[in-house]
>>> print(open('model25.pdb').read())   # PDB, C-alpha atoms, pLDDT in the B column
ATOM      1  CA  MET A   1      -4.294  -2.464  -2.429  1.00 85.00           C
ATOM      2  CA  LYS A   2      -6.725  -5.352  -2.237  1.00 90.00           C
ATOM      3  CA  LEU A   3      -6.870  -8.506  -4.372  1.00 93.00           C
ATOM      4  CA  LEU A   4     -10.364  -9.983  -4.715  1.00 92.00           C
ATOM      5  CA  PRO A   5     -12.141 -12.495  -6.922  1.00 95.00           C
ATOM      6  CA  LEU A   6     -13.936 -10.769  -9.800  1.00 94.00           C
ATOM      7  CA  ASN A   7     -17.392  -9.575  -8.782  1.00 91.00           C
ATOM      8  CA  ARG A   8     -20.242  -7.559 -10.301  1.00 88.00           C
ATOM      9  CA  GLN A   9     -19.183  -4.380  -8.509  1.00 87.00           C
ATOM     10  CA  HIS A  10     -15.835  -4.148 -10.324  1.00 90.00           C
ATOM     11  CA  ASN A  11     -16.122  -1.339 -12.879  1.00 89.00           C
ATOM     12  CA  ARG A  12     -14.360  -3.066 -15.762  1.00 92.00           C
ATOM     13  CA  ASP A  13     -15.350  -0.429 -18.330  1.00 92.00           C
ATOM     14  CA  LEU A  14     -12.702   1.940 -16.950  1.00 88.00           C
ATOM     15  CA  PHE A  15      -9.868  -0.605 -17.235  1.00 95.00           C
ATOM     16  CA  ASP A  16      -7.259  -0.074 -19.982  1.00 96.00           C
ATOM     17  CA  CYS A  17      -3.955  -1.947 -20.060  1.00 96.00           C
ATOM     18  CA  GLY A  18      -3.024  -0.819 -23.562  1.00 95.00           C
ATOM     19  CA  GLU A  19      -3.649  -4.290 -25.076  1.00 94.00           C
ATOM     20  CA  GLU A  20      -7.071  -4.422 -26.673  1.00 96.00           C
ATOM     21  CA  ASN A  21      -7.431  -8.222 -26.487  1.00 95.00           C
ATOM     22  CA  LEU A  22      -6.785  -8.160 -22.704  1.00 96.00           C
ATOM     23  CA  ASN A  23      -9.183  -5.230 -22.258  1.00 97.00           C
ATOM     24  CA  THR A  24     -11.897  -6.950 -24.301  1.00 97.00           C
ATOM     25  CA  PHE A  25     -11.546 -10.203 -22.382  1.00 97.00           C
ATOM     26  CA  PHE A  26     -11.782  -8.414 -19.039  1.00 97.00           C
ATOM     27  CA  ARG A  27     -14.678  -6.150 -20.024  1.00 96.00           C
ATOM     28  CA  CYS A  28     -16.764  -8.647 -22.018  1.00 96.00           C
ATOM     29  CA  TYR A  29     -15.845 -12.262 -21.243  1.00 97.00           C
ATOM     30  CA  ALA A  30     -14.189 -12.601 -17.819  1.00 97.00           C
ATOM     31  CA  SER A  31     -17.401 -12.949 -15.810  1.00 96.00           C
ATOM     32  CA  GLN A  32     -18.790 -15.501 -18.283  1.00 96.00           C
ATOM     33  CA  CYS A  33     -15.559 -17.546 -18.047  1.00 97.00           C
ATOM     34  CA  VAL A  34     -15.752 -17.466 -14.253  1.00 97.00           C
ATOM     35  CA  ARG A  35     -19.449 -18.458 -14.319  1.00 96.00           C
ATOM     36  CA  ASN A  36     -18.647 -21.344 -16.708  1.00 97.00           C
ATOM     37  CA  ARG A  37     -15.767 -22.436 -14.444  1.00 96.00           C
ATOM     38  CA  ASP A  38     -13.244 -21.975 -17.245  1.00 96.00           C
ATOM     39  CA  CYS A  39     -11.021 -19.844 -15.027  1.00 97.00           C
ATOM     40  CA  SER A  40     -10.781 -17.908 -11.806  1.00 97.00           C
ATOM     41  CA  CYS A  41     -10.245 -14.168 -12.176  1.00 98.00           C
ATOM     42  CA  TYR A  42      -8.659 -12.002  -9.490  1.00 97.00           C
ATOM     43  CA  VAL A  43      -8.859  -8.216  -9.528  1.00 96.00           C
ATOM     44  CA  LEU A  44      -6.581  -5.724  -7.789  1.00 95.00           C
ATOM     45  CA  THR A  45      -8.168  -2.492  -6.554  1.00 93.00           C
ATOM     46  CA  ASP A  46      -6.855   0.439  -4.549  1.00 87.00           C
ATOM     47  CA  ASP A  47      -9.702   0.157  -2.103  1.00 73.00           C
ATOM     48  CA  PRO A  48     -12.255  -2.673  -1.861  1.00 62.00           C
ATOM     49  CA  LEU A  49     -15.026  -0.063  -1.808  1.00 67.00           C
ATOM     50  CA  ASP A  50     -13.608   1.761  -4.847  1.00 69.00           C
ATOM     51  CA  GLN A  51     -14.017  -1.227  -7.210  1.00 81.00           C
ATOM     52  CA  ILE A  52     -11.943   0.382  -9.981  1.00 87.00           C
ATOM     53  CA  PRO A  53      -9.583  -2.337 -11.238  1.00 94.00           C
ATOM     54  CA  LEU A  54      -5.839  -1.635 -11.296  1.00 95.00           C
ATOM     55  CA  GLY A  55      -5.032  -5.060 -12.712  1.00 97.00           C
ATOM     56  CA  TYR A  56      -6.209  -8.637 -13.002  1.00 98.00           C
ATOM     57  CA  PHE A  57      -5.095 -12.184 -13.704  1.00 98.00           C
ATOM     58  CA  THR A  58      -6.757 -15.505 -14.503  1.00 98.00           C
ATOM     59  CA  LEU A  59      -5.889 -19.013 -13.330  1.00 98.00           C
ATOM     60  CA  SER A  60      -7.092 -22.346 -14.717  1.00 97.00           C
ATOM     61  CA  SER A  61      -6.327 -26.029 -14.405  1.00 96.00           C
ATOM     62  CA  PHE A  62      -4.207 -27.290 -17.285  1.00 96.00           C
ATOM     63  CA  CYS A  63      -2.017 -30.206 -18.324  1.00 94.00           C
ATOM     64  CA  ILE A  64       1.172 -30.190 -20.366  1.00 92.00           C
ATOM     65  CA  SER A  65       3.176 -33.011 -21.858  1.00 88.00           C
ATOM     66  CA  ARG A  66       5.752 -34.572 -19.581  1.00 86.00           C
ATOM     67  CA  THR A  67       8.309 -34.239 -22.410  1.00 83.00           C
ATOM     68  CA  LEU A  68       8.121 -30.434 -22.165  1.00 83.00           C
ATOM     69  CA  LEU A  69       9.224 -30.647 -18.530  1.00 81.00           C
ATOM     70  CA  SER A  70      11.849 -33.388 -18.913  1.00 75.00           C
ATOM     71  CA  ALA A  71      14.758 -31.020 -18.201  1.00 75.00           C
ATOM     72  CA  MET A  72      13.158 -29.983 -14.899  1.00 77.00           C
ATOM     73  CA  LYS A  73      13.091 -33.498 -13.450  1.00 75.00           C
ATOM     74  CA  ILE A  74       9.430 -33.312 -12.453  1.00 80.00           C
ATOM     75  CA  ARG A  75       8.433 -36.561 -10.761  1.00 79.00           C
ATOM     76  CA  SER A  76       5.113 -37.884 -11.949  1.00 81.00           C
ATOM     77  CA  GLY A  77       3.680 -41.125 -13.192  1.00 82.00           C
ATOM     78  CA  TYR A  78       1.531 -39.298 -15.722  1.00 84.00           C
ATOM     79  CA  THR A  79       2.313 -38.451 -19.356  1.00 88.00           C
ATOM     80  CA  GLN A  80       0.247 -35.256 -18.960  1.00 92.00           C
ATOM     81  CA  ILE A  81       1.456 -33.210 -15.983  1.00 91.00           C
ATOM     82  CA  PRO A  82      -1.096 -31.191 -13.973  1.00 94.00           C
ATOM     83  CA  VAL A  83      -0.162 -27.504 -13.848  1.00 95.00           C
ATOM     84  CA  THR A  84      -1.859 -24.169 -13.292  1.00 97.00           C
ATOM     85  CA  LEU A  85      -2.336 -21.994 -16.365  1.00 97.00           C
ATOM     86  CA  LEU A  86      -1.785 -18.279 -15.872  1.00 98.00           C
ATOM     87  CA  GLY A  87      -3.954 -17.325 -18.830  1.00 95.00           C
ATOM     88  CA  ARG A  88      -3.956 -13.539 -18.582  1.00 97.00           C
ATOM     89  CA  LEU A  89      -2.273 -10.877 -16.485  1.00 98.00           C
ATOM     90  CA  ALA A  90      -2.748  -7.159 -17.114  1.00 97.00           C
ATOM     91  CA  VAL A  91      -2.090  -3.839 -15.364  1.00 97.00           C
ATOM     92  CA  ASP A  92      -3.918  -0.582 -16.085  1.00 97.00           C
ATOM     93  CA  ILE A  93      -1.742   1.880 -18.047  1.00 96.00           C
ATOM     94  CA  LYS A  94      -2.197   4.512 -15.321  1.00 94.00           C
ATOM     95  CA  ILE A  95       0.007   2.479 -12.972  1.00 94.00           C
ATOM     96  CA  GLN A  96       2.272   0.468 -15.284  1.00 94.00           C
ATOM     97  CA  GLY A  97       5.948   0.612 -14.334  1.00 92.00           C
ATOM     98  CA  LYS A  98       5.207   0.643 -10.592  1.00 94.00           C
ATOM     99  CA  ARG A  99       5.809  -3.102 -10.029  1.00 94.00           C
ATOM    100  CA  VAL A 100       2.083  -3.845  -9.830  1.00 96.00           C
ATOM    101  CA  GLY A 101       2.585  -6.597 -12.424  1.00 96.00           C
ATOM    102  CA  HIS A 102       5.143  -8.246 -10.139  1.00 96.00           C
ATOM    103  CA  TYR A 103       2.682  -8.015  -7.247  1.00 97.00           C
ATOM    104  CA  LEU A 104      -0.036  -9.649  -9.362  1.00 97.00           C
ATOM    105  CA  LEU A 105       2.331 -12.368 -10.568  1.00 97.00           C
ATOM    106  CA  ASN A 106       3.537 -13.166  -7.050  1.00 97.00           C
ATOM    107  CA  SER A 107      -0.081 -13.302  -5.880  1.00 97.00           C
ATOM    108  CA  ALA A 108      -0.967 -15.677  -8.732  1.00 97.00           C
ATOM    109  CA  LEU A 109       1.991 -17.947  -7.924  1.00 97.00           C
ATOM    110  CA  LEU A 110       1.046 -18.033  -4.252  1.00 96.00           C
ATOM    111  CA  LEU A 111      -2.620 -18.810  -4.971  1.00 96.00           C
ATOM    112  CA  ALA A 112      -1.639 -21.567  -7.400  1.00 96.00           C
ATOM    113  CA  GLU A 113       0.860 -23.152  -5.023  1.00 94.00           C
ATOM    114  CA  GLU A 114      -1.483 -23.041  -2.030  1.00 93.00           C
ATOM    115  CA  SER A 115      -4.469 -24.373  -3.967  1.00 93.00           C
ATOM    116  CA  PRO A 116      -5.832 -27.739  -2.851  1.00 91.00           C
ATOM    117  CA  VAL A 117      -5.868 -28.723  -6.540  1.00 91.00           C
ATOM    118  CA  ALA A 118      -2.650 -30.591  -7.402  1.00 89.00           C
ATOM    119  CA  SER A 119      -0.233 -28.678  -9.622  1.00 93.00           C
ATOM    120  CA  HIS A 120       3.481 -28.984 -10.320  1.00 92.00           C
ATOM    121  CA  GLY A 121       3.815 -25.293 -11.170  1.00 94.00           C
ATOM    122  CA  VAL A 122       2.537 -22.443 -13.317  1.00 96.00           C
ATOM    123  CA  TYR A 123       2.529 -22.496 -17.117  1.00 96.00           C
ATOM    124  CA  VAL A 124       2.281 -19.343 -19.207  1.00 96.00           C
ATOM    125  CA  GLN A 125       2.411 -18.489 -22.906  1.00 93.00           C
ATOM    126  CA  PRO A 126       3.509 -14.837 -23.162  1.00 93.00           C
ATOM    127  CA  LYS A 127       2.419 -13.118 -26.357  1.00 88.00           C
ATOM    128  CA  ASN A 128       5.635 -11.169 -27.003  1.00 88.00           C
ATOM    129  CA  SER A 129       9.288 -10.885 -26.025  1.00 89.00           C
ATOM    130  CA  ARG A 130       8.625  -8.081 -23.530  1.00 90.00           C
ATOM    131  CA  ALA A 131       6.147 -10.235 -21.641  1.00 92.00           C
ATOM    132  CA  ALA A 132       8.497 -13.240 -21.842  1.00 92.00           C
ATOM    133  CA  GLU A 133      11.282 -11.168 -20.283  1.00 94.00           C
ATOM    134  CA  PHE A 134       8.934 -10.147 -17.471  1.00 95.00           C
ATOM    135  CA  TYR A 135       8.255 -13.807 -16.663  1.00 95.00           C
ATOM    136  CA  ARG A 136      11.942 -14.742 -16.938  1.00 94.00           C
ATOM    137  CA  SER A 137      12.771 -12.019 -14.409  1.00 94.00           C
ATOM    138  CA  ALA A 138      10.389 -13.757 -11.985  1.00 95.00           C
ATOM    139  CA  GLY A 139      12.071 -17.150 -12.364  1.00 93.00           C
ATOM    140  CA  PHE A 140      10.057 -18.729 -15.180  1.00 94.00           C
ATOM    141  CA  LEU A 141      12.054 -20.999 -17.481  1.00 91.00           C
ATOM    142  CA  ASP A 142      11.617 -21.300 -21.233  1.00 90.00           C
ATOM    143  CA  LEU A 143      10.273 -24.601 -22.512  1.00 88.00           C
ATOM    144  CA  GLU A 144      11.460 -25.984 -25.817  1.00 74.00           C
ATOM    145  CA  SER A 145       9.193 -25.545 -28.793  1.00 64.00           C
ATOM    146  CA  ASN A 146       8.362 -28.507 -31.040  1.00 59.00           C
ATOM    147  CA  SER A 147       8.040 -26.247 -34.087  1.00 56.00           C
ATOM    148  CA  ASN A 148      10.278 -23.989 -36.123  1.00 56.00           C
ATOM    149  CA  LYS A 149       8.187 -20.898 -35.492  1.00 55.00           C
ATOM    150  CA  PRO A 150       9.062 -18.711 -32.502  1.00 57.00           C
ATOM    151  CA  SER A 151       6.702 -19.144 -29.595  1.00 65.00           C
ATOM    152  CA  TYR A 152       6.946 -18.660 -25.894  1.00 80.00           C
ATOM    153  CA  SER A 153       6.049 -21.359 -23.441  1.00 90.00           C
ATOM    154  CA  MET A 154       7.344 -20.878 -19.933  1.00 90.00           C
ATOM    155  CA  PHE A 155       7.095 -22.688 -16.640  1.00 92.00           C
ATOM    156  CA  PHE A 156       7.619 -21.906 -12.970  1.00 92.00           C
ATOM    157  CA  ALA A 157       8.077 -25.124 -10.956  1.00 90.00           C
ATOM    158  CA  PHE A 158       6.899 -25.395  -7.370  1.00 89.00           C
ATOM    159  CA  ARG A 159       9.208 -26.977  -4.850  1.00 80.00           C
ATOM    160  CA  ARG A 160       8.233 -30.507  -4.042  1.00 68.00           C
ATOM    161  CA  LYS A 161       6.214 -30.868  -0.837  1.00 62.00           C
ATOM    162  CA  THR A 162       6.851 -33.694   1.554  1.00 54.00           C
ATOM    163  CA  LEU A 163       4.229 -35.518   3.570  1.00 55.00           C
ATOM    164  CA  ASN A 164       4.379 -35.070   7.334  1.00 53.00           C
TER     165      ASN A 164
END
>>> encode(input="model25.pdb", output="structure tokens")
Amino acid sequence: MKLLPLNRQHNRDLFDCGEENLNTFFRCYASQCVRNRDCSCYVLTDDPLDQIPLGYFTLSSFCISRTLLSAMKIRSGYTQIPVTLLGRLAVDIKIQGKRVGHYLLNSALLLAEESPVASHGVYVQPKNSRAAEFYRSAGFLDLESNSNKPSYSMFFAFRRKTLN
């Protein structure tokens, strides 16, 4: 399997993860978002020459309120903490259940942590309890909600780096 930035050769029309909003984004809007620098999109294929997507994820710069991370003892002088937003992650239904989602998530975490752009960790807002459980199983922690309605906000903190 090969993970590559989204390119014109990826045949997105054949991708189906079972969630229409994720399919529509990938098929119709992902390249525009990349062009506009709203996000980076990475695509997993079986073979770089095949170009049939097995899954994808998007990463963006983001900030969240320091109060949301108070329990995690994040050190920062800012009231808005720089993080990486994992906006979307999807796996084609033909290969769901084969840990491809975990591979994509680990790849996203590694890319975010190794990025030269400063980030304290990865923030995600799963759309349902099944997705939230997936992120919890990977070490994401739930953040407290400021409202009475149920919502998922989760965070994976990077270990603090020291200067040499």
>>> atom_distance(input="model25.pdb", atom1="CA of Arg75 (chain A)", atom2="CA of His120 (chain A)")
9.1 Å
>>> resolve_selection(input="model25.pdb", expression="the PyMOL selection byres ((chain A and resi 68-71) around 12)", output="PDB file with C-alpha atoms, keeping the file's coordinate frame")
ATOM      1  CA  CYS A  63      -2.017 -30.206 -18.324  1.00 94.00           C
ATOM      2  CA  ILE A  64       1.172 -30.190 -20.366  1.00 92.00           C
ATOM      3  CA  SER A  65       3.176 -33.011 -21.858  1.00 88.00           C
ATOM      4  CA  ARG A  66       5.752 -34.572 -19.581  1.00 86.00           C
ATOM      5  CA  THR A  67       8.309 -34.239 -22.410  1.00 83.00           C
ATOM      6  CA  MET A  72      13.158 -29.983 -14.899  1.00 77.00           C
ATOM      7  CA  LYS A  73      13.091 -33.498 -13.450  1.00 75.00           C
ATOM      8  CA  ILE A  74       9.430 -33.312 -12.453  1.00 80.00           C
ATOM      9  CA  ARG A  75       8.433 -36.561 -10.761  1.00 79.00           C
ATOM     10  CA  SER A  76       5.113 -37.884 -11.949  1.00 81.00           C
ATOM     11  CA  TYR A  78       1.531 -39.298 -15.722  1.00 84.00           C
ATOM     12  CA  THR A  79       2.313 -38.451 -19.356  1.00 88.00           C
ATOM     13  CA  GLN A  80       0.247 -35.256 -18.960  1.00 92.00           C
ATOM     14  CA  ILE A  81       1.456 -33.210 -15.983  1.00 91.00           C
ATOM     15  CA  PRO A  82      -1.096 -31.191 -13.973  1.00 94.00           C
ATOM     16  CA  VAL A  83      -0.162 -27.504 -13.848  1.00 95.00           C
ATOM     17  CA  HIS A 120       3.481 -28.984 -10.320  1.00 92.00           C
ATOM     18  CA  GLY A 121       3.815 -25.293 -11.170  1.00 94.00           C
ATOM     19  CA  VAL A 122       2.537 -22.443 -13.317  1.00 96.00           C
ATOM     20  CA  TYR A 123       2.529 -22.496 -17.117  1.00 96.00           C
ATOM     21  CA  LEU A 141      12.054 -20.999 -17.481  1.00 91.00           C
ATOM     22  CA  ASP A 142      11.617 -21.300 -21.233  1.00 90.00           C
ATOM     23  CA  LEU A 143      10.273 -24.601 -22.512  1.00 88.00           C
ATOM     24  CA  GLU A 144      11.460 -25.984 -25.817  1.00 74.00           C
ATOM     25  CA  SER A 145       9.193 -25.545 -28.793  1.00 64.00           C
ATOM     26  CA  ASN A 146       8.362 -28.507 -31.040  1.00 59.00           C
ATOM     27  CA  SER A 153       6.049 -21.359 -23.441  1.00 90.00           C
ATOM     28  CA  MET A 154       7.344 -20.878 -19.933  1.00 90.00           C
ATOM     29  CA  PHE A 155       7.095 -22.688 -16.640  1.00 92.00           C
ATOM     30  CA  PHE A 156       7.619 -21.906 -12.970  1.00 92.00           C
ATOM     31  CA  ALA A 157       8.077 -25.124 -10.956  1.00 90.00           C
TER      32      ALA A 157
END
>>> resolve_selection(input="model25.pdb", expression="the PyMOL selection byres ((chain A and resi 13) around 9)", output="MDAnalysis selection string")
chainID A and resid 10:12 14:16 23 26:27
>>> atom_distance(input="model25.pdb", atom1="CA of Ala118 (chain A)", atom2="CA of Ser61 (chain A)")
9.1 Å
>>> atom_distance(input="model25.pdb", atom1="CA of Gly77 (chain A)", atom2="CA of Ser119 (chain A)")
13.5 Å
>>> residues_around(input="model25.pdb", residues="Val91 (chain A)", least_positions_apart="4", cutoff="7 Å", atoms="all atoms listed in the file", output="short mmCIF file (atom, residue, chain, number, x, y, z; two decimals) with C-alpha atoms, keeping the file's coordinate frame")
data_model
loop_
_atom_site.label_atom_id
_atom_site.label_comp_id
_atom_site.auth_asym_id
_atom_site.auth_seq_id
_atom_site.Cartn_x
_atom_site.Cartn_y
_atom_site.Cartn_z
CA CYS A 17 -3.96 -1.95 -20.06
CA LEU A 54 -5.84 -1.64 -11.30
CA GLY A 55 -5.03 -5.06 -12.71
CA TYR A 56 -6.21 -8.64 -13.00
CA GLN A 96 2.27 0.47 -15.28
CA VAL A 100 2.08 -3.84 -9.83
CA GLY A 101 2.58 -6.60 -12.42
#
>>> closest_residue(input="model25.pdb", among="A:Tyr42, A:Tyr152, A:Pro53, A:Ile93", to="Ala131 (chain A)", atoms="only C-alpha atoms")
A:Tyr152
>>> resolve_selection(input="model25.pdb", expression="the PyMOL selection byres ((chain A and resi 32-38) around 10)", output="list in words")
Pro5, Leu6, Asn7, Phe25, Phe26, Cys28, Tyr29, Ala30, Ser31, Cys39, Ser40, Cys41, Thr58, Leu59, Ser60 and Ser61 of chain A
>>> residues_around(input="model25.pdb", residues="Thr45 (chain A)", least_positions_apart="5", cutoff="7 Å", atoms="only C-alpha atoms", output="JSON, numbers by chain")
{"A": [1, 2, 3, 51, 52, 53, 54]}
>>> closest_residue(input="model25.pdb", among="A:Val124, A:Leu44, A:Ala112, A:Val117", to="Ile95 (chain A)", atoms="only C-alpha atoms")
A:Leu44
>>> closest_residue(input="model25.pdb", among="A:Leu110, A:Ala132, A:Val43, A:Ala138", to="Asp92 (chain A)", atoms="all atoms listed in the file")
A:Val43
>>> axis_aligned_box(input="model25.pdb", around="region 53-61 of chain A", padding_each_side="5 Å", output="JSON")
{"center_x": -7.3, "center_y": -13.8, "center_z": -13.0, "size_x": 14.6, "size_y": 34.4, "size_z": 13.5}
